[in-house]
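One file, upload.cif, carrying mmCIF, N, CA, C and O atoms:
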```cif
data_run
loop_
_atom_site.label_atom_id
_atom_site.label_comp_id
_atom_site.auth_asym_id
_atom_site.auth_seq_id
_atom_site.Cartn_x
_atom_site.Cartn_y
_atom_site.Cartn_z
N ASP A 1 -4.77 32.18 10.45
CA ASP A 1 -3.47 31.69 10.91
C ASP A 1 -3.29 30.27 10.41
O ASP A 1 -4.14 29.41 10.61
N SER A 2 -2.17 30.00 9.77
CA SER A 2 -1.99 28.69 9.15
C SER A 2 -1.23 27.70 10.02
O SER A 2 -1.19 26.52 9.70
N LEU A 3 -0.60 28.16 11.10
CA LEU A 3 0.13 27.27 11.99
C LEU A 3 -0.82 26.69 13.02
O LEU A 3 -1.51 27.43 13.72
N ILE A 4 -0.86 25.37 13.11
CA ILE A 4 -1.66 24.70 14.12
C ILE A 4 -0.79 24.54 15.36
O ILE A 4 0.27 23.92 15.28
N PRO A 5 -1.18 25.10 16.50
CA PRO A 5 -0.34 25.02 17.70
C PRO A 5 -0.03 23.57 18.09
O PRO A 5 -0.91 22.71 18.05
N SER A 6 1.23 23.33 18.42
CA SER A 6 1.66 22.00 18.80
C SER A 6 2.85 22.11 19.74
O SER A 6 3.75 22.91 19.50
N ARG A 7 2.86 21.29 20.76
CA ARG A 7 3.99 21.24 21.68
C ARG A 7 4.86 20.03 21.40
O ARG A 7 5.76 19.71 22.16
N SER A 8 4.59 19.34 20.29
CA SER A 8 5.36 18.15 19.94
C SER A 8 6.38 18.48 18.85
O SER A 8 6.43 19.61 18.35
N ALA A 9 7.15 17.51 18.46
CA ALA A 9 8.14 17.68 17.39
C ALA A 9 7.46 17.83 16.04
O ALA A 9 8.06 18.35 15.10
N ILE A 10 6.21 17.42 15.93
CA ILE A 10 5.48 17.51 14.67
C ILE A 10 4.75 18.84 14.61
O ILE A 10 3.95 19.15 15.49
N GLN A 11 5.07 19.61 13.59
CA GLN A 11 4.44 20.90 13.38
C GLN A 11 3.60 20.82 12.11
O GLN A 11 3.97 20.13 11.16
N VAL A 12 2.49 21.52 12.10
CA VAL A 12 1.56 21.46 10.97
C VAL A 12 1.22 22.88 10.52
O VAL A 12 0.91 23.73 11.34
N ILE A 13 1.31 23.08 9.22
CA ILE A 13 0.94 24.36 8.63
C ILE A 13 -0.14 24.10 7.59
O ILE A 13 0.06 23.31 6.67
N LEU A 14 -1.28 24.74 7.75
CA LEU A 14 -2.37 24.58 6.80
C LEU A 14 -2.03 25.26 5.48
O LEU A 14 -1.60 26.41 5.46
N VAL A 15 -2.22 24.51 4.40
CA VAL A 15 -2.06 25.02 3.04
C VAL A 15 -3.23 24.45 2.24
O VAL A 15 -3.11 23.38 1.64
N PRO A 16 -4.38 25.10 2.29
CA PRO A 16 -5.58 24.55 1.65
C PRO A 16 -5.39 24.28 0.16
O PRO A 16 -4.77 25.06 -0.56
N GLY A 17 -5.92 23.12 -0.26
CA GLY A 17 -5.87 22.71 -1.66
C GLY A 17 -4.76 21.71 -1.90
O GLY A 17 -3.61 21.96 -1.54
N ASN A 18 -5.10 20.56 -2.49
CA ASN A 18 -4.11 19.53 -2.77
C ASN A 18 -2.98 20.06 -3.64
O ASN A 18 -1.81 19.82 -3.37
N ARG A 19 -3.32 20.78 -4.69
CA ARG A 19 -2.31 21.28 -5.61
C ARG A 19 -1.35 22.24 -4.90
O ARG A 19 -0.13 22.15 -5.05
N GLU A 20 -1.90 23.16 -4.12
CA GLU A 20 -1.07 24.15 -3.43
C GLU A 20 -0.18 23.48 -2.39
O GLU A 20 1.00 23.79 -2.28
N ALA A 21 -0.73 22.57 -1.61
CA ALA A 21 0.06 21.88 -0.59
C ALA A 21 1.19 21.08 -1.23
O ALA A 21 2.33 21.11 -0.75
N LYS A 22 0.89 20.37 -2.32
CA LYS A 22 1.94 19.62 -3.02
C LYS A 22 3.00 20.54 -3.58
O LYS A 22 4.19 20.23 -3.51
N ASN A 23 2.59 21.68 -4.12
CA ASN A 23 3.53 22.62 -4.70
C ASN A 23 4.47 23.19 -3.64
O ASN A 23 5.69 23.24 -3.85
N VAL A 24 3.93 23.62 -2.52
CA VAL A 24 4.76 24.19 -1.45
C VAL A 24 5.71 23.12 -0.91
O VAL A 24 6.91 23.39 -0.72
N ALA A 25 5.22 21.91 -0.69
CA ALA A 25 6.08 20.83 -0.20
C ALA A 25 7.20 20.55 -1.19
O ALA A 25 8.36 20.37 -0.80
N ALA A 26 6.88 20.51 -2.49
CA ALA A 26 7.90 20.24 -3.52
C ALA A 26 8.96 21.33 -3.53
O ALA A 26 10.17 21.03 -3.64
N GLN A 27 8.55 22.59 -3.39
CA GLN A 27 9.51 23.69 -3.37
C GLN A 27 10.43 23.58 -2.15
O GLN A 27 11.64 23.81 -2.25
N LEU A 28 9.87 23.24 -1.00
CA LEU A 28 10.68 23.09 0.21
C LEU A 28 11.63 21.90 0.07
O LEU A 28 12.79 21.96 0.49
N GLN A 29 11.15 20.82 -0.54
CA GLN A 29 12.00 19.65 -0.75
C GLN A 29 13.17 19.99 -1.68
O GLN A 29 14.30 19.56 -1.45
N LYS A 30 12.93 20.80 -2.71
CA LYS A 30 14.01 21.24 -3.61
C LYS A 30 15.05 22.05 -2.86
O LYS A 30 16.21 22.09 -3.25
N SER A 31 14.64 22.71 -1.79
CA SER A 31 15.56 23.50 -0.97
C SER A 31 16.21 22.66 0.11
O SER A 31 16.93 23.18 0.96
N GLY A 32 15.93 21.35 0.14
CA GLY A 32 16.59 20.44 1.06
C GLY A 32 15.85 20.12 2.34
O GLY A 32 16.40 19.49 3.23
N PHE A 33 14.58 20.53 2.43
CA PHE A 33 13.80 20.26 3.63
C PHE A 33 12.90 19.05 3.40
O PHE A 33 12.25 18.94 2.37
N ASP A 34 12.85 18.16 4.39
CA ASP A 34 12.00 16.96 4.29
C ASP A 34 10.63 17.30 4.87
O ASP A 34 10.32 16.98 6.01
N VAL A 35 9.83 17.98 4.07
CA VAL A 35 8.48 18.41 4.45
C VAL A 35 7.49 17.64 3.59
O VAL A 35 7.68 17.50 2.38
N ARG A 36 6.44 17.13 4.20
CA ARG A 36 5.46 16.31 3.49
C ARG A 36 4.11 17.00 3.42
O ARG A 36 3.68 17.62 4.38
N ALA A 37 3.46 16.87 2.28
CA ALA A 37 2.09 17.37 2.12
C ALA A 37 1.13 16.29 2.58
O ALA A 37 1.27 15.13 2.20
N ILE A 38 0.16 16.66 3.38
CA ILE A 38 -0.92 15.77 3.80
C ILE A 38 -2.16 16.26 3.07
O ILE A 38 -2.61 17.39 3.27
N LEU A 39 -2.69 15.41 2.20
CA LEU A 39 -3.70 15.83 1.23
C LEU A 39 -5.07 15.23 1.51
O LEU A 39 -5.20 14.22 2.19
N SER A 40 -6.08 15.86 0.92
CA SER A 40 -7.44 15.31 0.91
C SER A 40 -7.42 14.10 0.00
O SER A 40 -6.75 14.13 -1.03
N PRO A 41 -8.01 12.99 0.35
CA PRO A 41 -9.00 12.76 1.38
C PRO A 41 -8.44 12.29 2.72
O PRO A 41 -9.22 11.97 3.62
N THR A 42 -7.11 12.27 2.90
CA THR A 42 -6.56 11.90 4.20
C THR A 42 -7.03 12.88 5.27
O THR A 42 -7.32 12.49 6.40
N VAL A 43 -7.08 14.16 4.90
CA VAL A 43 -7.66 15.20 5.75
C VAL A 43 -8.83 15.80 4.98
O VAL A 43 -8.94 15.62 3.76
N SER A 44 -9.70 16.50 5.64
CA SER A 44 -10.87 17.09 4.99
C SER A 44 -10.43 18.07 3.91
O SER A 44 -9.43 18.78 4.07
N ALA A 45 -11.20 18.12 2.82
CA ALA A 45 -10.93 19.10 1.76
C ALA A 45 -10.92 20.49 2.36
O ALA A 45 -11.78 20.84 3.16
N GLY A 46 -9.92 21.28 2.00
CA GLY A 46 -9.78 22.62 2.54
C GLY A 46 -8.89 22.69 3.76
O GLY A 46 -8.54 23.78 4.20
N SER A 47 -8.51 21.53 4.31
CA SER A 47 -7.61 21.54 5.47
C SER A 47 -6.31 20.79 5.16
O SER A 47 -5.66 20.26 6.06
N GLU A 48 -5.94 20.78 3.88
CA GLU A 48 -4.67 20.17 3.50
C GLU A 48 -3.55 20.91 4.23
O GLU A 48 -3.70 22.07 4.61
N ARG A 49 -2.43 20.24 4.42
CA ARG A 49 -1.41 20.79 5.30
C ARG A 49 -0.02 20.28 4.97
O ARG A 49 0.14 19.30 4.25
N LEU A 50 0.96 20.94 5.55
CA LEU A 50 2.34 20.48 5.52
C LEU A 50 2.66 19.88 6.87
O LEU A 50 2.28 20.43 7.91
N ARG A 51 3.36 18.77 6.85
CA ARG A 51 3.79 18.12 8.09
C ARG A 51 5.29 18.29 8.20
O ARG A 51 6.04 17.88 7.32
N ILE A 52 5.71 18.91 9.28
CA ILE A 52 7.12 19.19 9.52
C ILE A 52 7.52 18.53 10.83
O ILE A 52 6.88 18.75 11.85
N CYS A 53 8.57 17.73 10.79
CA CYS A 53 9.07 17.09 12.01
C CYS A 53 10.39 17.74 12.38
O CYS A 53 11.34 17.70 11.61
N LEU A 54 10.41 18.35 13.55
CA LEU A 54 11.64 18.94 14.07
C LEU A 54 12.34 17.90 14.93
O LEU A 54 11.70 17.14 15.65
N HIS A 55 13.67 17.90 14.83
CA HIS A 55 14.46 16.92 15.57
C HIS A 55 15.53 17.62 16.39
O HIS A 55 15.88 18.77 16.10
N ASN A 56 16.02 16.92 17.37
CA ASN A 56 17.06 17.44 18.24
C ASN A 56 18.30 17.86 17.46
O ASN A 56 19.01 18.79 17.84
N HIS A 57 18.57 17.20 16.34
CA HIS A 57 19.77 17.51 15.56
C HIS A 57 19.58 18.70 14.61
O HIS A 57 20.54 19.13 13.97
N ASN A 58 18.37 19.25 14.50
CA ASN A 58 18.16 20.43 13.66
C ASN A 58 18.76 21.65 14.36
O ASN A 58 18.50 21.91 15.53
N SER A 59 19.56 22.40 13.60
CA SER A 59 20.16 23.61 14.16
C SER A 59 19.18 24.77 14.06
O SER A 59 18.22 24.72 13.28
N MET A 60 19.44 25.81 14.82
CA MET A 60 18.60 27.02 14.73
C MET A 60 18.70 27.61 13.33
O MET A 60 17.71 28.12 12.81
N GLU A 61 19.85 27.50 12.69
CA GLU A 61 20.02 28.01 11.33
C GLU A 61 19.11 27.26 10.36
O GLU A 61 18.51 27.86 9.46
N GLU A 62 19.00 25.94 10.53
CA GLU A 62 18.11 25.15 9.66
C GLU A 62 16.65 25.53 9.88
O GLU A 62 15.89 25.68 8.92
N ILE A 63 16.27 25.70 11.13
CA ILE A 63 14.88 26.07 11.44
C ILE A 63 14.57 27.46 10.92
O ILE A 63 13.51 27.69 10.33
N GLU A 64 15.52 28.38 11.07
CA GLU A 64 15.32 29.74 10.54
C GLU A 64 15.25 29.73 9.01
O GLU A 64 14.45 30.47 8.42
N ALA A 65 16.05 28.90 8.36
CA ALA A 65 16.01 28.79 6.89
C ALA A 65 14.66 28.22 6.44
O ALA A 65 14.08 28.69 5.46
N LEU A 66 14.16 27.23 7.16
CA LEU A 66 12.84 26.68 6.85
C LEU A 66 11.77 27.76 6.99
O LEU A 66 10.93 27.93 6.10
N ALA A 67 11.81 28.50 8.09
CA ALA A 67 10.82 29.57 8.31
C ALA A 67 10.91 30.62 7.21
O ALA A 67 9.88 31.09 6.72
N SER A 68 12.11 30.98 6.82
CA SER A 68 12.29 31.97 5.75
C SER A 68 11.70 31.47 4.44
O SER A 68 11.00 32.21 3.74
N ASN A 69 11.98 30.21 4.11
CA ASN A 69 11.42 29.62 2.88
C ASN A 69 9.89 29.58 2.94
O ASN A 69 9.23 29.88 1.95
N LEU A 70 9.34 29.20 4.09
CA LEU A 70 7.89 29.18 4.24
C LEU A 70 7.29 30.56 4.05
O LEU A 70 6.27 30.71 3.38
N ASN A 71 7.93 31.57 4.63
CA ASN A 71 7.44 32.95 4.47
C ASN A 71 7.41 33.37 3.00
O ASN A 71 6.49 34.05 2.57
N GLN A 72 8.42 32.98 2.26
CA GLN A 72 8.47 33.33 0.84
C GLN A 72 7.40 32.60 0.04
O GLN A 72 6.81 33.16 -0.88
N LEU A 73 7.16 31.34 0.38
CA LEU A 73 6.21 30.52 -0.39
C LEU A 73 4.76 30.77 -0.02
O LEU A 73 3.87 30.56 -0.84
N LEU A 74 4.52 31.16 1.22
CA LEU A 74 3.15 31.37 1.65
C LEU A 74 2.84 32.84 1.65
O LEU A 74 1.86 33.35 1.87
#
```
Here is the file; what I need is its structure written in the form of structure tokens.
Amino acid sequence: DSLIPSRSAIQVILVPGNREAKNVAAQLQKSGFDVRAILSPTVSAGSERLRICLHNHNSMEEIEALASNLNQLL
């Protein structure tokens, strides 16, 4: 399971490998999402991740579009 459970606005999805995490983040950014890759050595090798911040102003449509894009990329 790549989603790290969180009850905060910050959501984390594991995408192991610096190259893969950067690639997925770049693809999401091209689609208009402000998603950041957190890479090794900031995190342990193999636990690279995407950092997603949800905000009160995000609509359900935006969140669903993000989830759809993630499903396609992962």
Work out how far atom CA of Gly46 of chain A is from atom CA of Lys30 of chain A, in Å to one decimal.
->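 So the answer is 24.6 Å.
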Find the residues around Arg49 of chain A up to 6 Å (all atoms listed in the file counted), leave out those fewer than 6 positions away in its own chain, and share them as a PyMOL selection string.
-> chain A and resi 13-16+21+36-39
Selection under test: the PyMOL selection byres (((chain A and resi 55 and name CA) around 12) and name CA); residues as a ChimeraX atom specification = /A:8-11,34,52-54,56-60,62-63
Could the residues in this selection be written to a file with N, CA, C and O atoms, as an mmCIF file, in the frame of the given file?
```
data_model
loop_
_atom_site.group_PDB
_atom_site.id
_atom_site.type_symbol
_atom_site.label_atom_id
_atom_site.label_comp_id
_atom_site.auth_asym_id
_atom_site.auth_seq_id
_atom_site.Cartn_x
_atom_site.Cartn_y
_atom_site.Cartn_z
ATOM 1 N N SER A 8 4.590 19.340 20.290
ATOM 2 C CA SER A 8 5.360 18.150 19.940
ATOM 3 C C SER A 8 6.380 18.480 18.850
ATOM 4 O O SER A 8 6.430 19.610 18.350
ATOM 5 N N ALA A 9 7.150 17.510 18.460
ATOM 6 C CA ALA A 9 8.140 17.680 17.390
ATOM 7 C C ALA A 9 7.460 17.830 16.040
ATOM 8 O O ALA A 9 8.060 18.350 15.100
ATOM 9 N N ILE A 10 6.210 17.420 15.930
ATOM 10 C CA ILE A 10 5.480 17.510 14.670
ATOM 11 C C ILE A 10 4.750 18.840 14.610
ATOM 12 O O ILE A 10 3.950 19.150 15.490
ATOM 13 N N GLN A 11 5.070 19.610 13.590
ATOM 14 C CA GLN A 11 4.440 20.900 13.380
ATOM 15 C C GLN A 11 3.600 20.820 12.110
ATOM 16 O O GLN A 11 3.970 20.130 11.160
ATOM 17 N N ASP A 34 12.850 18.160 4.390
ATOM 18 C CA ASP A 34 12.000 16.960 4.290
ATOM 19 C C ASP A 34 10.630 17.300 4.870
ATOM 20 O O ASP A 34 10.320 16.980 6.010
ATOM 21 N N ILE A 52 5.710 18.910 9.280
ATOM 22 C CA ILE A 52 7.120 19.190 9.520
ATOM 23 C C ILE A 52 7.520 18.530 10.830
ATOM 24 O O ILE A 52 6.880 18.750 11.850
ATOM 25 N N CYS A 53 8.570 17.730 10.790
ATOM 26 C CA CYS A 53 9.070 17.090 12.010
ATOM 27 C C CYS A 53 10.390 17.740 12.380
ATOM 28 O O CYS A 53 11.340 17.700 11.610
ATOM 29 N N LEU A 54 10.410 18.350 13.550
ATOM 30 C CA LEU A 54 11.640 18.940 14.070
ATOM 31 C C LEU A 54 12.340 17.900 14.930
ATOM 32 O O LEU A 54 11.700 17.140 15.650
ATOM 33 N N ASN A 56 16.020 16.920 17.370
ATOM 34 C CA ASN A 56 17.060 17.440 18.240
ATOM 35 C C ASN A 56 18.300 17.860 17.460
ATOM 36 O O ASN A 56 19.010 18.790 17.840
ATOM 37 N N HIS A 57 18.570 17.200 16.340
ATOM 38 C CA HIS A 57 19.770 17.510 15.560
ATOM 39 C C HIS A 57 19.580 18.700 14.610
ATOM 40 O O HIS A 57 20.540 19.130 13.970
ATOM 41 N N ASN A 58 18.370 19.250 14.500
ATOM 42 C CA ASN A 58 18.160 20.430 13.660
ATOM 43 C C ASN A 58 18.760 21.650 14.360
ATOM 44 O O ASN A 58 18.500 21.910 15.530
ATOM 45 N N SER A 59 19.560 22.400 13.600
ATOM 46 C CA SER A 59 20.160 23.610 14.160
ATOM 47 C C SER A 59 19.180 24.770 14.060
ATOM 48 O O SER A 59 18.220 24.720 13.280
ATOM 49 N N MET A 60 19.440 25.810 14.820
ATOM 50 C CA MET A 60 18.600 27.020 14.730
ATOM 51 C C MET A 60 18.700 27.610 13.330
ATOM 52 O O MET A 60 17.710 28.120 12.810
ATOM 53 N N GLU A 62 19.000 25.940 10.530
ATOM 54 C CA GLU A 62 18.110 25.150 9.660
ATOM 55 C C GLU A 62 16.650 25.530 9.880
ATOM 56 O O GLU A 62 15.890 25.680 8.920
ATOM 57 N N ILE A 63 16.270 25.700 11.130
ATOM 58 C CA ILE A 63 14.880 26.070 11.440
ATOM 59 C C ILE A 63 14.570 27.460 10.920
ATOM 60 O O ILE A 63 13.510 27.690 10.330
#
```
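Among the candidates A:Ser68, A:Leu74, A:Glu61, A:Arg51, the one nearest to Val12 of chain A when counting all atoms listed in the file is A:Arg51.
Listed by chain and then by rising number, the residues of chain A that DSSP assigns to helix (DSSP H, G or I) from the backbone are Asn18, Arg19, Glu20, Ala21, Lys22, Asn23, Val24, Ala25, Ala26, Gln27, Leu28, Gln29, Lys30, Met60, Glu61, Glu62, Ile63, Glu64, Ala65, Leu66, Ala67, Ser68, Asn69, Leu70, Asn71, Gln72 and Leu73 of chain A.
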Computed gap from atom CA of Arg19 of chain A to atom CA of Pro41 of chain A is 12.9 Å
